[in-house]
Every structure is written in C-alpha cells, then in structure tokens.
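Structure file work.txt (compact mmCIF, C-alpha atoms) follows.
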```
# COMPACT_ATOMS: atom_id res chain seq x y z
CA MET A 47 -41.49 115.24 -121.11
CA THR A 48 -42.30 117.96 -118.71
CA THR A 49 -44.69 115.77 -116.92
CA LYS A 50 -42.17 112.98 -116.61
CA LYS A 51 -39.55 115.34 -115.39
CA THR A 52 -41.92 116.64 -112.93
CA ALA A 53 -42.78 113.19 -111.75
CA ALA A 54 -39.17 112.25 -111.75
CA GLU A 55 -38.27 115.37 -110.01
CA LYS A 56 -41.02 114.76 -107.62
CA THR A 57 -39.80 111.29 -107.19
CA THR A 58 -36.27 112.54 -106.82
CA ALA A 59 -37.45 115.25 -104.54
CA GLU A 60 -39.42 112.83 -102.46
CA LYS A 61 -36.47 110.50 -102.25
CA PRO A 62 -34.23 113.07 -100.67
CA ALA A 63 -37.10 114.03 -98.40
CA LYS A 64 -37.54 110.46 -97.38
CA LYS A 65 -33.79 110.15 -96.99
CA ALA A 66 -33.77 113.28 -94.92
CA ALA A 67 -36.60 111.97 -92.84
CA THR A 68 -34.83 108.73 -92.61
CA LYS A 69 -31.65 110.51 -91.72
CA LYS A 70 -33.46 112.54 -89.13
CA VAL A 71 -34.92 109.42 -87.60
CA ALA A 72 -31.78 107.41 -88.23
CA PRO A 73 -29.52 109.61 -86.24
CA ALA A 74 -31.77 109.03 -83.24
CA GLY A 75 -31.82 105.37 -83.96
CA LYS A 76 -28.12 105.31 -84.61
CA ALA A 77 -27.50 107.34 -81.52
CA ALA A 78 -29.41 104.82 -79.59
CA ALA A 79 -27.87 101.86 -81.37
CA GLU A 80 -24.31 102.75 -82.22
CA PRO A 81 -23.39 104.47 -79.01
CA ALA A 82 -25.02 101.67 -77.07
CA THR A 83 -22.82 99.27 -78.87
CA ALA A 84 -19.56 101.19 -78.68
CA GLU A 85 -19.60 103.55 -75.79
CA ALA A 86 -22.84 103.01 -73.89
CA ALA A 87 -22.32 99.29 -73.45
CA PRO A 88 -19.72 99.62 -70.69
CA ALA A 89 -21.74 102.40 -69.15
CA ARG A 90 -24.80 100.24 -69.17
CA LYS A 91 -22.88 97.39 -67.64
CA THR A 92 -21.49 99.71 -65.01
CA ALA A 93 -24.92 101.16 -64.42
CA ALA A 94 -26.37 97.70 -64.29
CA LYS A 95 -23.73 96.61 -61.81
CA LYS A 96 -24.32 99.69 -59.71
CA ALA A 97 -28.04 99.13 -59.88
CA ALA A 98 -27.55 95.51 -58.98
CA ALA A 99 -25.20 96.53 -56.22
CA LYS A 100 -27.69 99.07 -54.94
CA LYS A 101 -30.45 96.55 -55.04
CA THR A 102 -28.27 93.89 -53.47
CA ALA A 103 -26.82 96.21 -50.84
CA PRO A 104 -30.14 97.37 -49.47
CA ALA A 105 -31.36 93.85 -49.55
CA LYS A 106 -28.36 92.67 -47.55
CA LYS A 107 -28.64 95.58 -45.17
CA ALA A 108 -32.33 95.21 -44.83
CA THR A 109 -32.16 91.51 -44.21
CA PRO A 110 -29.72 91.65 -41.26
CA THR A 111 -31.36 94.80 -39.97
CA LYS A 112 -34.73 93.18 -39.80
CA ALA A 113 -33.41 89.80 -38.69
CA THR A 114 -30.95 91.13 -36.15
CA PRO A 115 -33.47 93.03 -34.02
CA THR A 116 -35.83 90.11 -34.12
CA LYS A 117 -33.18 87.61 -32.96
CA ALA A 118 -31.13 89.98 -30.89
CA THR A 119 -33.98 91.45 -28.89
CA PRO A 120 -34.60 88.39 -26.73
CA THR A 121 -30.92 87.52 -26.69
CA LYS A 122 -29.92 90.95 -25.46
CA ALA A 123 -32.70 91.07 -22.92
CA THR A 124 -31.57 87.82 -21.32
CA PRO A 125 -27.92 88.83 -20.94
CA THR A 126 -29.00 92.14 -19.51
CA LYS A 127 -30.89 90.43 -16.67
CA THR A 128 -28.16 87.85 -16.21
CA SER A 129 -25.55 90.57 -16.20
CA ALA A 130 -27.50 92.51 -13.60
CA THR A 131 -27.89 89.39 -11.50
CA LYS A 132 -24.19 88.57 -11.80
CA THR A 133 -23.27 92.14 -10.93
CA SER A 134 -25.53 92.06 -7.88
CA ALA A 135 -24.13 88.68 -6.81
CA ALA A 136 -20.60 89.94 -7.36
CA LYS A 137 -21.28 92.98 -5.20
CA LYS A 138 -22.74 90.82 -2.44
CA ALA A 139 -19.79 88.44 -2.65
CA THR A 140 -17.38 91.36 -2.45
CA ALA A 141 -19.23 92.80 0.53
CA ALA A 142 -19.21 89.40 2.23
CA LYS A 143 -15.47 89.01 1.60
CA LYS A 144 -14.81 92.45 3.02
CA ALA A 145 -16.91 91.67 6.10
CA THR A 146 -15.07 88.36 6.56
CA ALA A 147 -11.74 90.10 6.11
CA LYS A 148 -12.69 92.69 8.72
CA LYS A 149 -13.72 89.98 11.18
CA ALA A 150 -10.52 88.06 10.52
CA ALA A 151 -8.49 91.22 10.97
CA ALA A 152 -10.32 91.98 14.20
CA LYS A 153 -9.59 88.48 15.48
CA LYS A 154 -5.96 88.50 14.39
CA SER A 155 -5.22 92.00 15.57
CA PRO A 156 -3.92 91.94 19.14
CA ALA A 157 -6.14 93.43 21.80
CA PRO A 158 -4.91 96.68 23.30
CA LYS A 159 -2.81 96.25 26.39
CA PRO A 160 -4.42 97.52 29.58
CA PRO A 161 -2.75 100.45 31.31
CA GLY A 162 -0.02 99.75 33.83
CA PHE A 163 1.92 97.08 31.92
CA ALA A 164 5.37 97.61 30.45
CA LYS A 165 6.38 95.41 27.51
CA ARG A 166 10.00 95.29 28.60
CA GLU A 167 10.63 95.10 32.29
CA SER A 168 13.53 94.43 34.55
CA ARG A 169 13.72 91.55 37.00
CA ALA A 170 12.83 93.93 39.82
CA ALA A 171 9.80 95.22 37.91
CA MET A 172 8.61 91.68 37.21
CA VAL A 173 8.91 90.72 40.88
CA LYS A 174 6.99 93.85 41.89
CA ARG A 175 4.27 93.03 39.37
CA ALA A 176 4.11 89.42 40.61
CA HIS A 177 3.49 90.60 44.19
CA ALA A 178 0.82 92.98 42.91
CA ILE A 179 -0.89 90.06 41.16
CA ASN A 180 -0.81 88.03 44.38
CA GLU A 181 -2.46 90.91 46.22
CA VAL A 182 -5.23 91.14 43.63
CA LEU A 183 -5.77 87.38 43.84
CA ALA A 184 -5.97 87.57 47.66
CA GLU A 185 -8.71 90.20 47.36
CA THR A 186 -10.54 88.23 44.67
CA TYR A 187 -10.36 84.84 46.42
CA PRO A 188 -10.21 85.43 50.19
CA TYR A 189 -11.82 82.00 50.61
CA ALA A 190 -9.25 80.13 48.44
CA HIS A 191 -8.71 76.61 49.78
CA PRO A 192 -7.88 73.06 48.66
CA GLU A 193 -10.82 71.87 46.60
CA LEU A 194 -10.65 68.27 47.74
CA ASP A 195 -12.88 67.08 50.58
CA PHE A 196 -10.84 65.45 53.38
CA GLU A 197 -10.86 64.96 57.13
CA ASP A 198 -7.30 63.76 57.77
CA PRO A 199 -3.91 63.50 56.00
CA PHE A 200 -4.64 59.99 54.70
CA GLN A 201 -7.89 61.07 53.03
CA LEU A 202 -6.15 64.09 51.48
CA LEU A 203 -3.31 61.89 50.19
CA VAL A 204 -5.73 59.39 48.61
CA ALA A 205 -7.93 62.13 47.13
CA THR A 206 -4.89 63.88 45.61
CA VAL A 207 -3.71 60.67 43.96
CA LEU A 208 -7.20 60.15 42.51
CA SER A 209 -7.34 63.75 41.19
CA ALA A 210 -4.86 63.03 38.40
CA GLN A 211 -6.47 63.45 34.96
CA THR A 212 -9.88 64.33 36.40
CA THR A 213 -11.65 67.10 38.32
CA ASP A 214 -11.66 67.61 42.06
CA LEU A 215 -15.45 67.54 41.83
CA ARG A 216 -15.46 63.99 40.46
CA VAL A 217 -13.02 62.93 43.18
CA ASN A 218 -15.18 64.50 45.89
CA GLN A 219 -18.21 62.66 44.53
CA THR A 220 -16.29 59.35 44.60
CA THR A 221 -14.43 59.40 47.94
CA PRO A 222 -17.39 59.25 50.38
CA ALA A 223 -18.14 55.63 49.46
CA LEU A 224 -14.43 54.83 49.23
CA PHE A 225 -13.58 56.12 52.72
CA ALA A 226 -16.69 54.54 54.17
CA LYS A 227 -15.36 51.13 53.13
CA TYR A 228 -11.63 51.78 53.64
CA PRO A 229 -11.17 54.44 56.38
CA THR A 230 -7.52 53.61 57.21
CA PRO A 231 -4.35 52.63 55.34
CA GLU A 232 -4.59 49.14 56.83
CA ASP A 233 -8.12 48.70 55.50
CA MET A 234 -7.22 49.91 52.04
CA ALA A 235 -4.05 47.82 51.88
CA ALA A 236 -6.19 44.70 52.44
CA ALA A 237 -8.77 45.64 49.78
CA VAL A 238 -9.68 43.30 46.94
CA PRO A 239 -8.25 45.02 43.83
CA GLU A 240 -11.38 44.51 41.72
CA GLU A 241 -13.62 45.97 44.41
CA LEU A 242 -11.32 48.97 44.87
CA GLU A 243 -11.24 49.53 41.11
CA GLU A 244 -15.00 49.54 40.92
CA LEU A 245 -15.30 52.16 43.65
CA ILE A 246 -12.84 54.56 42.01
CA ARG A 247 -13.94 53.88 38.41
CA PRO A 248 -15.64 57.33 38.01
CA THR A 249 -12.24 59.08 38.35
CA GLY A 250 -10.77 57.38 35.29
CA PHE A 251 -7.55 55.35 34.95
CA PHE A 252 -8.98 53.30 37.81
CA ARG A 253 -6.68 50.27 37.42
CA ALA A 254 -3.47 52.29 37.62
CA LYS A 255 -4.88 54.39 40.46
CA ALA A 256 -5.98 51.26 42.34
CA ARG A 257 -2.42 49.90 42.14
CA SER A 258 -1.09 53.20 43.52
CA LEU A 259 -3.59 53.23 46.41
CA LEU A 260 -2.85 49.62 47.33
CA GLY A 261 0.88 50.30 47.18
CA LEU A 262 0.92 53.52 49.22
CA SER A 263 -1.49 52.05 51.80
CA ALA A 264 0.77 49.04 52.27
CA ALA A 265 3.82 51.32 52.55
CA LEU A 266 2.13 53.47 55.17
CA ARG A 267 1.11 50.36 57.10
CA ASP A 268 4.53 48.68 56.90
CA ASP A 269 6.97 51.62 56.96
CA PHE A 270 5.23 54.47 58.76
CA ASP A 271 2.99 52.74 61.32
CA GLY A 272 -0.10 53.70 59.36
CA GLU A 273 0.72 57.43 59.50
CA VAL A 274 1.29 59.81 56.60
CA PRO A 275 4.86 61.24 56.75
CA ALA A 276 5.34 65.00 56.89
CA THR A 277 8.40 65.40 54.66
CA VAL A 278 8.76 65.70 50.92
CA ASP A 279 11.46 63.05 50.71
CA ALA A 280 9.35 60.47 52.51
CA LEU A 281 6.17 61.27 50.63
CA VAL A 282 7.67 61.04 47.15
CA LYS A 283 8.85 57.49 47.93
CA LEU A 284 5.26 56.32 48.20
CA PRO A 285 3.74 54.70 45.06
CA GLY A 286 1.86 57.21 42.91
CA VAL A 287 3.07 60.25 44.89
CA GLY A 288 5.04 63.04 43.21
CA ARG A 289 6.15 66.48 44.28
CA LYS A 290 2.81 68.08 43.46
CA THR A 291 0.91 65.59 45.60
CA ALA A 292 3.50 65.88 48.35
CA PHE A 293 3.17 69.68 48.53
CA VAL A 294 -0.64 69.50 48.54
CA VAL A 295 -0.50 67.18 51.57
CA LEU A 296 2.27 69.09 53.34
CA GLY A 297 0.72 72.50 52.82
CA ASN A 298 -2.87 71.60 53.67
CA ALA A 299 -2.56 68.74 56.17
CA PHE A 300 0.61 69.76 58.01
CA GLY A 301 0.97 73.51 57.38
CA VAL A 302 4.36 73.07 55.69
CA PRO A 303 4.89 75.72 52.97
CA GLY A 304 4.97 74.40 49.42
CA ILE A 305 4.19 75.42 45.85
CA THR A 306 1.75 73.14 44.05
CA VAL A 307 2.58 73.24 40.35
CA ASP A 308 -0.38 71.65 38.61
CA THR A 309 -1.48 72.38 35.02
CA HIS A 310 -3.29 75.58 36.04
CA PHE A 311 -0.43 76.96 38.12
CA GLY A 312 2.13 76.29 35.40
CA ARG A 313 -0.02 77.90 32.69
CA LEU A 314 -0.62 81.11 34.65
CA ALA A 315 2.99 81.38 35.82
CA ARG A 316 4.04 81.40 32.16
CA ARG A 317 1.30 83.83 31.10
CA TRP A 318 2.40 86.24 33.81
CA LYS A 319 6.08 85.83 32.83
CA TRP A 320 7.11 84.46 36.20
CA THR A 321 8.79 81.64 34.31
CA THR A 322 9.29 80.37 30.78
CA SER A 323 9.75 76.72 31.70
CA GLU A 324 7.40 73.81 31.04
CA ASP A 325 9.12 71.66 33.66
CA PRO A 326 7.11 71.66 36.94
CA VAL A 327 10.25 71.44 39.08
CA LYS A 328 11.82 74.45 37.30
CA VAL A 329 8.52 76.37 37.54
CA GLU A 330 8.43 75.66 41.26
CA SER A 331 12.01 76.90 41.64
CA ASP A 332 11.40 80.08 39.60
CA VAL A 333 8.25 81.02 41.53
CA ALA A 334 9.82 80.16 44.89
CA ALA A 335 12.53 82.72 44.12
CA ILE A 336 9.89 85.46 43.73
CA PHE A 337 7.78 84.89 46.87
CA GLU A 338 8.49 84.24 50.51
CA PRO A 339 7.85 80.68 51.74
CA SER A 340 5.02 81.96 53.95
CA GLU A 341 3.10 82.82 50.74
CA TRP A 342 3.68 79.58 48.86
CA THR A 343 0.68 77.51 50.00
CA MET A 344 -1.97 80.23 49.70
CA LEU A 345 -0.41 81.53 46.50
CA SER A 346 -0.87 78.05 45.03
CA HIS A 347 -4.56 78.00 46.00
CA ARG A 348 -5.19 81.47 44.60
CA VAL A 349 -3.46 80.83 41.29
CA ILE A 350 -5.22 77.47 40.85
CA PHE A 351 -8.57 79.06 41.73
CA HIS A 352 -7.98 81.78 39.15
CA GLY A 353 -6.95 79.28 36.49
CA ARG A 354 -10.09 77.22 37.02
CA ARG A 355 -12.54 80.12 37.15
CA ILE A 356 -11.27 82.90 34.91
CA CYS A 357 -7.92 82.33 33.20
CA HIS A 358 -8.88 79.17 31.33
CA SER A 359 -6.57 77.28 29.03
CA ARG A 360 -8.41 77.80 25.74
CA ARG A 361 -10.74 80.72 26.35
CA PRO A 362 -9.51 82.94 29.16
CA ALA A 363 -12.05 85.55 30.23
CA CYS A 364 -9.73 88.56 29.86
CA GLY A 365 -12.60 91.06 29.87
CA ALA A 366 -13.70 89.89 33.33
CA CYS A 367 -10.25 89.39 34.83
CA PRO A 368 -9.19 91.50 37.84
CA VAL A 369 -5.53 90.83 36.99
CA ALA A 370 -5.84 92.25 33.45
CA PRO A 371 -3.98 95.54 34.12
CA LEU A 372 -0.98 93.51 35.33
CA CYS A 373 -1.07 90.71 32.74
CA PRO A 374 1.41 90.59 29.84
CA SER A 375 -0.85 88.08 28.08
CA TYR A 376 -3.98 90.21 28.19
CA GLY A 377 -5.89 89.79 24.93
CA GLU A 378 -5.26 86.09 24.43
CA GLY A 379 -8.88 85.51 25.45
CA GLU A 380 -12.22 87.30 25.21
CA THR A 381 -11.81 91.01 26.04
CA ASP A 382 -15.46 92.05 25.73
CA PRO A 383 -16.74 92.30 29.35
CA ASP A 384 -20.21 90.92 28.60
CA LYS A 385 -18.92 87.99 26.57
CA ALA A 386 -16.11 87.32 29.05
CA LYS A 387 -18.58 87.21 31.93
CA LYS A 388 -20.31 84.24 30.31
CA LEU A 389 -17.05 82.27 30.43
CA LEU A 390 -16.71 82.40 34.21
CA LYS A 391 -16.96 79.08 36.04
CA TYR A 392 -17.94 77.77 39.46
CA GLU A 393 -18.97 80.42 41.98
CA LYS A 394 -17.74 83.22 39.69
CA GLY A 395 -20.26 82.05 37.12
CA GLY A 396 -23.01 81.56 39.69
CA MET A 397 -22.54 77.79 39.85
CA PRO A 398 -21.59 75.36 42.64
CA GLY A 399 -17.98 74.84 43.58
CA GLN A 400 -16.16 71.50 43.49
CA ARG A 401 -16.51 70.53 47.15
CA LEU A 402 -19.48 68.71 48.60
CA LYS A 403 -18.42 70.13 51.99
CA PRO A 404 -16.96 73.58 51.27
CA PRO A 405 -15.55 75.88 53.94
CA ALA A 406 -18.00 78.08 55.83
CA ASP A 407 -16.84 81.24 54.01
CA PHE A 408 -17.23 79.78 50.53
CA PRO A 409 -19.60 82.12 48.59
CA GLY A 410 -21.07 79.48 46.28
CA PRO A 411 -23.39 76.51 46.89
CA PRO A 412 -21.89 73.06 47.58
CA ALA A 413 -21.47 70.59 44.73
CA PRO A 414 -24.10 67.84 44.33
CA PRO A 415 -23.21 64.23 45.24
CA LEU A 416 -22.53 61.61 42.57
CA GLY A 417 -25.68 61.12 40.52
CA GLY A 418 -27.30 64.19 42.10
```
Show me this structure written as structure tokens.
Amino acid sequence: MTTKKTAAEKTTAEKPAKKAATKKVAPAGKAAAEPATAEAAPARKTAAKKAAAKKTAPAKKATPTKATPTKATPTKATPTKTSATKTSAAKKATAAKKATAKKAAAKKSPAPKPPGFAKRESRAAMVKRAHAINEVLAETYPYAHPELDFEDPFQLLVATVLSAQTTDLRVNQTTPALFAKYPTPEDMAAAVPEELEELIRPTGFFRAKARSLLGLSAALRDDFDGEVPATVDALVKLPGVGRKTAFVVLGNAFGVPGITVDTHFGRLARRWKWTTSEDPVKVESDVAAIFEPSEWTMLSHRVIFHGRRICHSRRPACGACPVAPLCPSYGEGETDPDKAKKLLKYEKGGMPGQRLKPPADFPGPPAPPLGG
C-alpha cells in the first residue's frame, strides 16, 4: 500500500510538476498565441502596414531619385545652354533696338539752329535778313551768270524753251548742232518737224518742244520782223514762252530787270521765309517787294546757283552752306561739315559747270560736249 501510494503520489506529484511545467511553458505560448490573436493582431497589421509603407516609400523615393537625375541631367543641361543662348540673343537684340532708337532719335531730333537767327521775326527783320543773304550769295558766287550758252537773244530764247524739264547742261550739249542748222527764226520756222524733233530729242519732250520752236519762230518771222521783242507782254504771247522764260531773256539779253522764278528759286524763297506761296507769280511779287529792281536779275542767278550747288531739294548740304547762320530751315539737310561737303555739285564739288562756253571768270572747268 505504501509503495502504491508512493507511486501514486509520485505520479500525482509528477502530474502537477508536468502541469506546472506545462503552465510555465503555456503562458509563453499563450502569450504569444492569445495576445497575437486578440490584441497583437491589429498591432501586427499596423506594423506590417508601416513596414510595407516604409519599404514602399523608400522604393518610390529611390526610384524617382535615381531615375530623375539620370533623365534630368541631359534635359537640364540642354535648357541651360539654350537659356544662355536666348539670354545672349535677347541682350544683343535689346542693344540693337536701343542703337536703332538712338539713331532714329538723332535723325528725328531737329538740328540746332545756328547763331544769329530769330524764330519769330518782324517784317523788317525778315527784309534785313533777306538782304544779308543776298550779300552772302554775292560773295559766294561773284561769277553767277545764266547757265545757258547763247550768242544772241534768239539763241537764248530757244535754249530757255528747251530747258524745261531738263538740265541746262543737256541743253548746252544739244544747241550747237541745232543752231548750226537753224541760225535764224526764218530758218527754224521752215524746218521739217521730224528733223527738228530729232535734233532736240536729248532734251526730252521733243515733240511738244518742237511745236513750240516752230510756232515762236514763225511768230518772230511774221510779227516781229525776225527780232525777239524786249517786253514781257510781247514775249509771253509767243508759243511756249511764259513769264520765267520772258524774264530770263529780258534780264540777260536786254538788261531789263526781272526775277526768274524757277523750281530752285521758289524752293529757296520758301526755305528762307521770303514767301509762303507755291505760285510762281505770287513768289515773284513777294520777292520783288523785298529787293530793289536793280538786284532782281543777279539775285535770280545767285539764288538759282545756290539751289543747284548747295541747297538741293532732297539733301541740302546745310553743313557746308555759307547762308546757314541766316537760314530758318537750317537742319533740313546734312549738318555734318564733312558729309555735307560731299553733297556739293558743279564747281563747288570740284566738277565742271553746265556751260560748254563759260564766262572767263568761271572757277570751274567747262562742261564736255554731247557724248564727250
């Protein structure tokens, strides 16, 4: 009995020991199992999500980080050069625009007025200035003369009619052959129209001019005994003869004072504020009221000389003009002296004049003949 009890006891004792051992192990197992089921499951899920997020996040960050430099490096390099090029081009364009603007401003800005000119002047001041201009012109062109070659009133009349819409030079190159064939009004009146036209063809508008020459020659032959009349009224009745032509003939062939208002004279009279009119008759009247009749003929030559040599229509040589200090229109042309000097024509520019037979005191060489 004792032995059985002992075995039983032992067995009983072992059982609790085993249970205790089991309990000792079980709590660990239970702690790992039960809590994982009840409480640790969400934690694990959260931890798993965080771990997944951490793994995913670095992966996402790493991927763009590695890929971005690789792709972006060449892309960024190209825009940088392009940007630099564009910036440089933009700067050059801006500089060019500024330079252009400065040039435009320089061109548009009026040139400074020379000393001695008043913007607003009385009639008396204008007249005084006009006489001062005439004095300067007389000093500048002491050799001023009609620029048509002629030997008598008839030749001067014919040459003046031919000078319309052409240069005196071209007329002077044409008239030698013309006068050789038709020396008198009677000869010219009897000319064959086609032959006359061919001789004067170089002057332009040769058909209309031929009609005028035939008509005035016949009128001189029939009404004036082959002589050129010495009055304005008689001259303007001749075919192709107007007031300008009449005053050229009267002033230079007969010594009768007259103002010759051609395109040059009219332009300069307006630039100098002697008149505001475009009408030649009104210009003549306005200028005649400023100067004495004794000055009219030579004043005409001087003004026309100046208009042909210095005060041109499109590009007046203001920087080389002796009248500049007295000119209200100073600055309309080139004011730089060196540049203006290159614009001078005829003897002022070192070239021949318009006459093949100039006066003895003419400072330039004679013009060459036609074809010379």
Next item on the list: Mind giving me the straight-line distance from atom CA of A:Lys394 to atom CA of A:Arg216 in Å, one decimal?
Entry: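 Between these atoms lies a distance of 19.4 Å.
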Check: Do you know which residues lie at most 12 Å from (6.4, 80.0, 45.2), with coordinates as in the file and only C-alpha atoms counted, and could you write them as a PyMOL selection string?
Finding: chain A and resi 173+176-177+180+293+303-307+311-312+315+320-321+326-349
Go ahead and write the selection's residues with C-alpha atoms as a compact mmCIF listing (two decimals), in the frame of the given file.
```txt
# COMPACT_ATOMS: atom_id res chain seq x y z
CA VAL A 173 8.91 90.72 40.88
CA ALA A 176 4.11 89.42 40.61
CA HIS A 177 3.49 90.60 44.19
CA ASN A 180 -0.81 88.03 44.38
CA PHE A 293 3.17 69.68 48.53
CA PRO A 303 4.89 75.72 52.97
CA GLY A 304 4.97 74.40 49.42
CA ILE A 305 4.19 75.42 45.85
CA THR A 306 1.75 73.14 44.05
CA VAL A 307 2.58 73.24 40.35
CA PHE A 311 -0.43 76.96 38.12
CA GLY A 312 2.13 76.29 35.40
CA ALA A 315 2.99 81.38 35.82
CA TRP A 320 7.11 84.46 36.20
CA THR A 321 8.79 81.64 34.31
CA PRO A 326 7.11 71.66 36.94
CA VAL A 327 10.25 71.44 39.08
CA LYS A 328 11.82 74.45 37.30
CA VAL A 329 8.52 76.37 37.54
CA GLU A 330 8.43 75.66 41.26
CA SER A 331 12.01 76.90 41.64
CA ASP A 332 11.40 80.08 39.60
CA VAL A 333 8.25 81.02 41.53
CA ALA A 334 9.82 80.16 44.89
CA ALA A 335 12.53 82.72 44.12
CA ILE A 336 9.89 85.46 43.73
CA PHE A 337 7.78 84.89 46.87
CA GLU A 338 8.49 84.24 50.51
CA PRO A 339 7.85 80.68 51.74
CA SER A 340 5.02 81.96 53.95
CA GLU A 341 3.10 82.82 50.74
CA TRP A 342 3.68 79.58 48.86
CA THR A 343 0.68 77.51 50.00
CA MET A 344 -1.97 80.23 49.70
CA LEU A 345 -0.41 81.53 46.50
CA SER A 346 -0.87 78.05 45.03
CA HIS A 347 -4.56 78.00 46.00
CA ARG A 348 -5.19 81.47 44.60
CA VAL A 349 -3.46 80.83 41.29
```
Next item on the list: Please provide as a list of chain:residue names all residues within 10 Å of A:Pro414, with the sequence filter that same-chain residues fewer than 4 positions apart are discarded (counting all atoms listed in the file).
Entry: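 With the cut-off at 10 Å, the set is A:Leu215, A:Asn218, A:Gln219, A:Pro398, A:Gly399, A:Gln400, A:Arg401, A:Leu402, A:Lys403, A:Gly418.
Between atom CA of A:Ala205 and atom CA of A:Val295 the interatomic distance comes to 10.0 Å.
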Item checked: Nearest to A:Thr213 by atom-to-atom distance, counting all atoms listed in the file, from A:Gly250, A:Arg289, A:Val278, A:Glu241 ->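 When distances to A:Thr213 are compared using all atoms listed in the file, the smallest one comes from A:Gly250.
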Item checked: Selected residue, from A:Phe200, A:Asp269, A:Leu208, A:Lys319, that lies nearest to A:Ala171 when counting only C-alpha atoms ->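 Nearest candidate to A:Ala171 out of A:Phe200, A:Asp269, A:Leu208, A:Lys319: A:Lys319.
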Item checked: Test item: residues at most 12 Å from A:Val204, all atoms listed in the file, excluding those fewer than 3 positions along its chain, as a count of residues only -> 44
Next item on the list: Compare A:Ala363, A:Leu390, A:Met397, A:Leu372 by their minimum atom-to-atom distance to A:Ala178, counting all atoms listed in the file, and give me the closest one.
Entry: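 Of all the options, A:Leu372 lies closest to A:Ala178.
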Next item on the list: Find the residue from A:Ser375, A:Ser168, A:Thr206, A:Ser323 that sits nearest to A:Gly288; use all atoms listed in the file when measuring.
Entry: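 Looking at the shortest contact to A:Gly288, the residue is A:Thr206.
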Notebook entry, point to check: What does the distance between atom CA of A:Ala226 and atom CA of A:Ala264 come to in Å, to one decimal place?
Noted result: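 Those two atoms sit 18.4 Å apart.
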